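Next comes entry.cif, with mmCIF, C-alpha atoms.
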```cif
data_final
loop_
_atom_site.group_PDB
_atom_site.id
_atom_site.type_symbol
_atom_site.label_atom_id
_atom_site.label_comp_id
_atom_site.auth_asym_id
_atom_site.auth_seq_id
_atom_site.Cartn_x
_atom_site.Cartn_y
_atom_site.Cartn_z
ATOM 1 C CA MET A 1 0.000 0.000 0.000
ATOM 2 C CA ARG A 2 2.963 2.272 0.288
ATOM 3 C CA ARG A 3 3.502 5.005 -2.267
ATOM 4 C CA GLY A 4 7.123 5.992 -1.778
ATOM 5 C CA GLN A 5 8.562 7.599 1.295
ATOM 6 C CA PRO A 6 6.184 9.947 3.133
ATOM 7 C CA CYS A 7 7.017 13.617 2.691
ATOM 8 C CA ARG A 8 7.832 15.815 5.612
ATOM 9 C CA PRO A 9 4.919 18.030 6.594
ATOM 10 C CA LEU A 10 5.326 21.497 5.154
ATOM 11 C CA PRO A 11 5.397 24.424 7.605
ATOM 12 C CA LEU A 12 2.371 26.678 7.640
ATOM 13 C CA ALA A 13 4.513 29.807 7.710
ATOM 14 C CA GLY A 14 3.877 30.320 4.010
ATOM 15 C CA THR A 15 0.163 30.903 4.602
ATOM 16 C CA VAL A 16 -0.090 34.254 6.269
ATOM 17 C CA LEU A 17 -2.881 36.409 7.590
ATOM 18 C CA ALA A 18 -3.939 39.631 5.964
ATOM 19 C CA ALA A 19 -2.870 41.743 8.927
ATOM 20 C CA GLY A 20 -5.610 44.278 8.273
ATOM 21 C CA SER A 21 -8.204 41.535 8.866
ATOM 22 C CA ILE A 22 -6.990 40.707 12.342
ATOM 23 C CA LEU A 23 -6.670 44.386 13.149
ATOM 24 C CA ALA A 24 -10.280 44.925 12.116
ATOM 25 C CA MET A 25 -11.394 42.100 14.403
ATOM 26 C CA LEU A 26 -9.420 43.464 17.326
ATOM 27 C CA ALA A 27 -10.847 46.922 16.784
ATOM 28 C CA GLY A 28 -14.436 45.656 16.652
ATOM 29 C CA SER A 29 -15.159 46.495 13.017
ATOM 30 C CA ARG A 30 -18.487 46.005 11.270
ATOM 31 C CA THR A 31 -17.255 42.667 9.969
ATOM 32 C CA ALA A 32 -16.552 41.466 13.487
ATOM 33 C CA GLU A 33 -19.810 42.854 14.870
ATOM 34 C CA ALA A 34 -21.802 41.177 12.099
ATOM 35 C CA THR A 35 -20.936 37.766 13.512
ATOM 36 C CA GLU A 36 -22.097 36.422 16.836
ATOM 37 C CA ALA A 37 -19.503 37.081 19.543
ATOM 38 C CA ILE A 38 -18.979 33.800 21.369
ATOM 39 C CA PRO A 39 -16.472 33.280 24.187
ATOM 40 C CA VAL A 40 -13.508 30.921 24.019
ATOM 41 C CA PRO A 41 -14.876 27.464 24.973
ATOM 42 C CA ALA A 42 -13.575 25.989 28.213
ATOM 43 C CA SER A 43 -12.350 22.943 26.254
ATOM 44 C CA CYS A 44 -9.841 25.178 24.450
ATOM 45 C CA ARG A 45 -8.051 26.227 27.598
ATOM 46 C CA ALA A 46 -4.892 24.454 28.653
ATOM 47 C CA GLU A 47 -4.617 26.745 31.673
ATOM 48 C CA ALA A 48 -7.168 27.516 34.363
ATOM 49 C CA THR A 49 -7.361 31.237 33.649
ATOM 50 C CA GLY A 50 -6.236 33.465 30.833
ATOM 51 C CA ARG A 51 -4.060 36.515 31.042
ATOM 52 C CA GLU A 52 -4.225 39.993 29.629
ATOM 53 C CA VAL A 53 -1.916 40.776 26.733
ATOM 54 C CA VAL A 54 -1.457 44.283 25.390
ATOM 55 C CA ILE A 55 -0.843 44.075 21.643
ATOM 56 C CA ALA A 56 1.452 46.841 20.404
ATOM 57 C CA SER A 57 1.768 45.750 16.767
ATOM 58 C CA ILE A 58 0.853 43.013 14.312
ATOM 59 C CA GLY A 59 3.451 41.450 12.040
ATOM 60 C CA THR A 60 2.780 41.097 8.319
ATOM 61 C CA ASN A 61 2.688 37.314 8.868
ATOM 62 C CA GLY A 62 -0.109 37.648 11.441
ATOM 63 C CA ASP A 63 1.989 37.355 14.597
ATOM 64 C CA LEU A 64 0.742 39.488 17.479
ATOM 65 C CA ILE A 65 3.536 41.458 19.138
ATOM 66 C CA ALA A 66 2.964 42.450 22.757
ATOM 67 C CA ALA A 67 4.046 45.727 24.299
ATOM 68 C CA ASP A 68 6.878 43.896 26.088
ATOM 69 C CA GLY A 69 8.087 42.349 22.806
ATOM 70 C CA ALA A 70 6.663 38.865 23.413
ATOM 71 C CA LEU A 71 5.283 37.085 20.343
ATOM 72 C CA PHE A 72 1.856 35.450 20.191
ATOM 73 C CA ARG A 73 -0.196 33.692 17.536
ATOM 74 C CA GLN A 74 -3.773 32.518 17.298
ATOM 75 C CA SER A 75 -3.574 28.713 17.096
ATOM 76 C CA ASP A 76 -5.478 26.283 14.862
ATOM 77 C CA LEU A 77 -5.982 28.695 11.964
ATOM 78 C CA VAL A 78 -4.267 29.394 8.669
ATOM 79 C CA PHE A 79 -4.643 32.597 6.709
ATOM 80 C CA PRO A 80 -4.290 32.102 2.961
ATOM 81 C CA ALA A 81 -4.427 35.799 2.055
ATOM 82 C CA LYS A 82 -1.290 37.799 1.354
ATOM 83 C CA ALA A 83 -0.171 40.310 3.948
ATOM 84 C CA ALA A 84 -2.083 43.572 3.873
ATOM 85 C CA PRO A 85 -0.511 47.040 3.639
ATOM 86 C CA ALA A 86 1.092 48.601 6.708
ATOM 87 C CA LEU A 87 -1.134 48.840 9.758
ATOM 88 C CA SER A 88 -2.469 52.032 11.235
ATOM 89 C CA ALA A 89 -0.498 52.533 14.439
ATOM 90 C CA ARG A 90 -3.112 54.838 15.932
ATOM 91 C CA ARG A 91 -5.450 51.877 16.595
ATOM 92 C CA LEU A 92 -2.920 50.113 18.789
ATOM 93 C CA PRO A 93 -2.212 48.992 21.474
ATOM 94 C CA THR A 94 -5.182 46.682 21.995
ATOM 95 C CA SER A 95 -5.791 44.662 25.139
ATOM 96 C CA LEU A 96 -6.723 40.999 24.639
ATOM 97 C CA GLN A 97 -7.367 38.022 26.864
ATOM 98 C CA PHE A 98 -5.051 35.115 25.992
ATOM 99 C CA THR A 99 -5.332 31.422 26.902
ATOM 100 C CA ASP A 100 -2.333 29.227 26.118
ATOM 101 C CA THR A 101 -2.756 25.932 24.217
ATOM 102 C CA SER A 102 0.824 24.669 24.144
ATOM 103 C CA GLY A 103 2.390 25.546 27.488
ATOM 104 C CA GLU A 104 5.670 26.625 25.890
ATOM 105 C CA PRO A 105 6.749 28.766 22.932
ATOM 106 C CA ASP A 106 7.165 27.254 19.476
ATOM 107 C CA ARG A 107 10.474 27.255 17.594
ATOM 108 C CA TRP A 108 9.874 30.869 16.538
ATOM 109 C CA ASN A 109 9.439 31.776 20.226
ATOM 110 C CA ARG A 110 5.721 32.456 19.797
ATOM 111 C CA ARG A 111 3.057 31.613 22.365
ATOM 112 C CA LEU A 112 0.199 29.749 20.692
ATOM 113 C CA GLY A 113 -3.317 30.029 22.018
ATOM 114 C CA HIS A 114 -6.757 31.574 21.809
ATOM 115 C CA PHE A 115 -7.609 35.248 22.102
ATOM 116 C CA SER A 116 -10.759 37.077 23.060
ATOM 117 C CA ASN A 117 -11.648 40.735 22.719
ATOM 118 C CA LYS A 118 -11.925 42.179 26.233
ATOM 119 C CA LYS A 119 -14.640 44.587 25.103
ATOM 120 C CA THR A 120 -16.972 42.011 23.545
ATOM 121 C CA ASN A 121 -15.616 38.769 25.068
ATOM 122 C CA GLY A 122 -15.711 37.516 21.481
ATOM 123 C CA TRP A 123 -13.431 34.666 20.441
ATOM 124 C CA LEU A 124 -11.031 36.062 17.835
ATOM 125 C CA ALA A 125 -10.676 32.757 15.967
ATOM 126 C CA HIS A 126 -14.456 32.398 15.621
ATOM 127 C CA ALA A 127 -14.803 35.954 14.300
ATOM 128 C CA LEU A 128 -12.049 35.425 11.719
ATOM 129 C CA VAL A 129 -13.436 32.092 10.494
ATOM 130 C CA SER A 130 -17.021 33.428 10.415
ATOM 131 C CA ALA A 131 -15.905 36.335 8.242
ATOM 132 C CA GLY A 132 -14.136 34.003 5.808
ATOM 133 C CA GLN A 133 -10.731 35.425 6.731
ATOM 134 C CA ALA A 134 -9.201 32.140 7.934
ATOM 135 C CA LEU A 135 -9.405 28.355 7.587
ATOM 136 C CA VAL A 136 -9.613 26.001 10.549
ATOM 137 C CA ALA A 137 -6.273 24.176 10.772
ATOM 138 C CA PRO A 138 -6.349 21.686 13.694
ATOM 139 C CA ALA A 139 -2.993 21.538 15.428
ATOM 140 C CA GLN A 140 -2.996 22.440 19.122
ATOM 141 C CA SER A 141 -6.549 22.272 20.455
ATOM 142 C CA PRO A 142 -8.740 19.215 21.145
ATOM 143 C CA THR A 143 -11.468 18.312 18.669
ATOM 144 C CA ASP A 144 -14.348 19.449 20.903
ATOM 145 C CA CYS A 145 -12.752 22.897 21.171
ATOM 146 C CA LEU A 146 -12.698 23.198 17.383
ATOM 147 C CA ALA A 147 -16.328 22.182 16.781
ATOM 148 C CA PRO A 148 -17.690 25.781 16.860
ATOM 149 C CA LEU A 149 -14.996 26.822 14.386
ATOM 150 C CA PHE A 150 -15.992 24.079 11.958
ATOM 151 C CA GLY A 151 -19.605 25.253 12.222
ATOM 152 C CA ALA A 152 -18.573 28.851 11.536
ATOM 153 C CA GLU A 153 -16.476 27.725 8.572
ATOM 154 C CA ARG A 154 -19.378 25.774 7.052
ATOM 155 C CA GLN A 155 -21.613 28.840 7.298
ATOM 156 C CA ALA A 156 -18.951 31.098 5.749
ATOM 157 C CA ARG A 157 -18.439 28.588 2.942
ATOM 158 C CA LYS A 158 -22.171 28.348 2.199
ATOM 159 C CA ALA A 159 -22.448 32.157 2.169
ATOM 160 C CA ARG A 160 -19.228 32.484 0.094
ATOM 161 C CA ARG A 161 -17.862 35.053 2.521
ATOM 162 C CA GLY A 162 -14.289 36.291 2.348
ATOM 163 C CA LEU A 163 -11.851 33.711 0.972
ATOM 164 C CA TRP A 164 -14.781 31.416 0.056
ATOM 165 C CA ALA A 165 -15.678 33.743 -2.797
ATOM 166 C CA THR A 166 -12.887 31.984 -4.714
ATOM 167 C CA GLU A 167 -11.820 29.043 -2.504
ATOM 168 C CA ARG A 168 -13.625 25.684 -2.518
ATOM 169 C CA VAL A 169 -13.473 22.103 -1.293
ATOM 170 C CA TRP A 170 -11.547 20.107 -3.883
ATOM 171 C CA SER A 171 -12.301 16.584 -5.103
ATOM 172 C CA ALA A 172 -10.013 13.773 -3.978
ATOM 173 C CA HIS A 173 -10.843 12.001 -7.232
ATOM 174 C CA GLU A 174 -9.318 14.672 -9.478
ATOM 175 C CA PRO A 175 -5.603 14.422 -8.625
ATOM 176 C CA ASP A 176 -4.571 16.495 -11.641
ATOM 177 C CA GLN A 177 -6.538 19.416 -10.199
ATOM 178 C CA LEU A 178 -4.792 19.051 -6.822
ATOM 179 C CA ALA A 179 -1.212 18.974 -8.117
ATOM 180 C CA PRO A 180 -1.030 22.769 -8.734
ATOM 181 C CA ARG A 181 -2.020 23.330 -5.102
ATOM 182 C CA THR A 182 1.161 21.722 -3.781
ATOM 183 C CA GLY A 183 2.346 23.648 -0.720
ATOM 184 C CA ARG A 184 -1.081 25.218 -0.078
ATOM 185 C CA TYR A 185 -3.487 24.489 2.758
ATOM 186 C CA THR A 186 -6.445 22.787 1.075
ATOM 187 C CA LEU A 187 -9.753 21.099 1.894
ATOM 188 C CA VAL A 188 -10.308 17.856 -0.051
ATOM 189 C CA SER A 189 -13.313 15.525 0.015
ATOM 190 C CA GLY A 190 -13.957 12.099 -1.423
ATOM 191 C CA ARG A 191 -14.628 8.426 -0.768
ATOM 192 C CA VAL A 192 -11.860 6.315 0.773
ATOM 193 C CA ARG A 193 -11.293 3.371 -1.549
ATOM 194 C CA SER A 194 -8.949 1.406 0.711
ATOM 195 C CA VAL A 195 -6.933 1.633 3.924
ATOM 196 C CA GLY A 196 -3.386 0.326 4.091
ATOM 197 C CA GLN A 197 -0.653 0.289 6.705
ATOM 198 C CA THR A 198 3.071 -0.203 7.005
ATOM 199 C CA ARG A 199 5.084 -0.261 10.209
ATOM 200 C CA SER A 200 5.382 3.533 10.237
ATOM 201 C CA THR A 201 2.439 4.879 8.257
ATOM 202 C CA LEU A 202 -1.278 4.376 7.750
ATOM 203 C CA TYR A 203 -2.692 5.213 4.296
ATOM 204 C CA LEU A 204 -6.144 6.309 3.167
ATOM 205 C CA ASN A 205 -6.222 5.653 -0.578
ATOM 206 C CA PHE A 206 -8.774 7.457 -2.750
ATOM 207 C CA GLY A 207 -8.016 5.665 -6.007
ATOM 208 C CA ARG A 208 -6.655 2.470 -7.538
ATOM 209 C CA ARG A 209 -3.305 3.934 -8.588
ATOM 210 C CA TRP A 210 -1.425 4.678 -5.364
ATOM 211 C CA SER A 211 1.482 6.116 -7.344
ATOM 212 C CA ARG A 212 -0.744 8.819 -8.859
ATOM 213 C CA ASP A 213 -4.024 9.228 -6.963
ATOM 214 C CA PHE A 214 -4.696 11.317 -3.886
ATOM 215 C CA THR A 215 -3.582 9.713 -0.604
ATOM 216 C CA VAL A 216 -3.792 10.695 3.058
ATOM 217 C CA THR A 217 -0.985 9.529 5.337
ATOM 218 C CA ILE A 218 -1.068 9.307 9.136
ATOM 219 C CA PRO A 219 1.810 8.236 11.410
ATOM 220 C CA ALA A 220 1.013 4.693 12.609
ATOM 221 C CA ASP A 221 1.980 5.674 16.156
ATOM 222 C CA ASP A 222 -0.950 8.137 16.188
ATOM 223 C CA GLU A 223 -3.651 5.537 15.472
ATOM 224 C CA ALA A 224 -4.518 5.013 19.145
ATOM 225 C CA ALA A 225 -4.816 8.755 19.757
ATOM 226 C CA PHE A 226 -7.132 9.083 16.760
ATOM 227 C CA ALA A 227 -9.288 6.231 18.072
ATOM 228 C CA LYS A 228 -9.459 7.894 21.498
ATOM 229 C CA ALA A 229 -10.687 11.054 19.777
ATOM 230 C CA GLY A 230 -13.467 9.031 18.131
ATOM 231 C CA LEU A 231 -11.913 8.413 14.718
ATOM 232 C CA ASP A 232 -11.369 4.711 13.948
ATOM 233 C CA LEU A 233 -9.061 4.911 10.951
ATOM 234 C CA PRO A 234 -9.418 1.320 9.618
ATOM 235 C CA SER A 235 -13.214 1.775 9.573
ATOM 236 C CA LEU A 236 -12.913 4.618 7.052
ATOM 237 C CA LYS A 237 -12.749 2.213 4.109
ATOM 238 C CA GLY A 238 -15.737 3.132 1.940
ATOM 239 C CA ALA A 239 -16.493 6.285 3.942
ATOM 240 C CA THR A 240 -16.848 9.765 2.494
ATOM 241 C CA VAL A 241 -14.554 12.198 4.277
ATOM 242 C CA ARG A 242 -13.267 15.746 4.098
ATOM 243 C CA VAL A 243 -9.549 16.161 4.815
ATOM 244 C CA ARG A 244 -7.621 19.386 5.385
ATOM 245 C CA GLY A 245 -3.927 20.107 5.319
ATOM 246 C CA VAL A 246 -1.018 21.149 3.122
ATOM 247 C CA ILE A 247 -0.943 19.423 -0.264
ATOM 248 C CA GLN A 248 2.315 17.546 -0.780
ATOM 249 C CA PHE A 249 3.400 15.806 -3.961
ATOM 250 C CA SER A 250 5.252 12.495 -4.121
ATOM 251 C CA GLY A 251 4.211 10.672 -7.277
ATOM 252 C CA GLY A 252 0.707 11.993 -6.653
ATOM 253 C CA PRO A 253 -0.892 14.609 -4.379
ATOM 254 C CA GLY A 254 -1.458 13.880 -0.711
ATOM 255 C CA ILE A 255 -1.988 15.343 2.742
ATOM 256 C CA ARG A 256 -0.068 14.356 5.876
ATOM 257 C CA VAL A 257 -2.437 14.271 8.860
ATOM 258 C CA PHE A 258 -1.359 14.680 12.488
ATOM 259 C CA HIS A 259 -4.581 15.772 14.245
ATOM 260 C CA PRO A 260 -7.861 13.765 14.322
ATOM 261 C CA ALA A 261 -9.928 16.846 13.443
ATOM 262 C CA GLN A 262 -8.125 17.123 10.096
ATOM 263 C CA ILE A 263 -10.421 14.307 8.953
ATOM 264 C CA GLU A 264 -14.182 14.884 9.020
ATOM 265 C CA ARG A 265 -16.447 11.951 8.278
ATOM 266 C CA LEU A 266 -19.305 13.146 6.062
ATOM 267 C CA ASP A 267 -21.481 10.041 5.877
ATOM 268 C CA LYS A 268 -22.849 10.129 9.414
ATOM 269 C CA ASP A 269 -24.219 12.523 12.051
ATOM 270 C CA ASN A 270 -25.731 14.798 9.394
ATOM 271 C CA MET A 271 -22.284 16.201 8.629
ATOM 272 C CA ARG A 272 -22.598 16.180 4.839
ATOM 273 C CA GLN A 273 -21.969 19.802 3.749
#
```
Would you mind writing the file out in structure tokens?
Amino acid sequence: MRRGQPCRPLPLAGTVLAAGSILAMLAGSRTAEATEAIPVPASCRAEATGREVVIASIGTNGDLIAADGALFRQSDLVFPAKAAPALSARRLPTSLQFTDTSGEPDRWNRRLGHFSNKKTNGWLAHALVSAGQALVAPAQSPTDCLAPLFGAERQARKARRGLWATERVWSAHEPDQLAPRTGRYTLVSGRVRSVGQTRSTLYLNFGRRWSRDFTVTIPADDEAAFAKAGLDLPSLKGATVRVRGVIQFSGGPGIRVFHPAQIERLDKDNMRQ
């Protein structure tokens, strides 16, 4: 079942936020106010209480820079838009409530977590996804934390808001259409034709030709964690799923999955969207 050596997952640093979008959300723009302000769910919090962070500037890659120079980033999102023009300094600093999801900085010395607007108590990630300014990219938070974001994304997609005016869910059964999206965060849906496994990797195959068709790969060591999260990988044979991640190319297009929420089963629980 193996189709060559699995590729290394590509970093998400290449998909950056339009900085003006996050600034608008922080400032309570019409776009932010047009969506329901919901608080950060308790299931998203790795710490008992959040802390106040005063944001002094926003990097062109979407990093939030605190007044003391510390770096922060909203977790579990990717921002496909290019960086916006320079920010208006007169709107900053902005005070936010921050809850950590990782417990320690990443390799770029950024704290990853969830932010809420102190004025509205609105969850920044939810506002961005609702406005079609970001895609849900499961990485740090548990699946139940991300459920409201998936709901907001479905609504934005149906309404063709923001990025969804041009973005779409791609077919797993049209690999030639996926190849040009190599290196881009992409949503792909289709029926799993077969499930295979080697010592190191589990494969979801969406076609007969493993050397050319779309394939999802998951580290075999993660199978138990996926099952604990409610996703039984071997049972996906014949199931219709939606997968999200960075398209990689090794003979054919594929996505490397590390978080259970990157795979949504569409043939049960009224999830077909």
(message) Going by the chain IDs and residue numbers used in this file, which residues fall under the PyMOL selection byres ((chain A and resi 187-203) around 8)? Write them as number ranges by chain.
(response) A: 1-2, 168-173, 185-186, 204-208, 215-221, 234, 236-245
(request) Just the residues within 8 Å of segment 118-120 of chain A, please, counting all atoms listed in the file, with nothing from its chain fewer than 4 positions along; format it as a list of chain:residue names. (result) A:Ala37, A:Ser95, A:Leu96, A:Gln97
(request) Tell me, in Å to one decimal, how far atom CA of Val246 of chain A is from atom CA of Pro39 of chain A. (result) 28.8 Å
(message) If I take atom CA of Gly252 of chain A and atom CA of Phe214 of chain A, how far is one from the other in Å, to one decimal?
(response) 6.1 Å
Determine, counting all atoms listed in the file, which protein, DNA and RNA residues have an atom within 6 Å of an atom of segment 134-151 of chain A; residues of the same chain fewer than 6 positions away are not included. Present the result as a PDB file with C-alpha atoms, keeping the file's coordinate frame.
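Everything below was put into out-v4.pdb:
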```pdb
ATOM      1  CA  SER A  43     -12.350  22.943  26.254  1.00  0.00           C
ATOM      2  CA  CYS A  44      -9.841  25.178  24.450  1.00  0.00           C
ATOM      3  CA  ASP A  76      -5.478  26.283  14.862  1.00  0.00           C
ATOM      4  CA  LEU A  77      -5.982  28.695  11.964  1.00  0.00           C
ATOM      5  CA  VAL A  78      -4.267  29.394   8.669  1.00  0.00           C
ATOM      6  CA  PHE A  79      -4.643  32.597   6.709  1.00  0.00           C
ATOM      7  CA  HIS A 126     -14.456  32.398  15.621  1.00  0.00           C
ATOM      8  CA  LEU A 128     -12.049  35.425  11.719  1.00  0.00           C
ATOM      9  CA  ALA A 261      -9.928  16.846  13.443  1.00  0.00           C
TER      10      ALA A 261
END
```
(request) Carefully work through the PyMOL selection byres ((chain A and resi 73) around 9) for this structure and note down the residues it includes, as a ChimeraX atom specification. (result) /A:62-65,71-72,74-75,110-115
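Interatomic distance, atom CA of Val54 of chain A against atom CA of Leu124 of chain A: 14.7 Å.
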(message) Report as an NGL selection string all protein, DNA and RNA residues lying within 8 Å of Ala179 of chain A, evaluated on all atoms listed in the file, omitting residues in the same chain fewer than 3 positions from it.
(response) :A and (175-176 or 182 or 247 or 249 or 252-253)
(request) Pick out the residues sitting within 10 Å of Ala156 of chain A, and hand them over as number ranges by chain; count all atoms listed in the file, and ignore anything fewer than 4 positions along from it in its own chain. (result) A: 129-133, 150-152, 160-165
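Among the candidate residues A:Asp100, A:Glu52, A:Glu223, A:Glu167, the one lying nearest to Val257 of chain A is A:Glu223, with distances computed using all atoms listed in the file.
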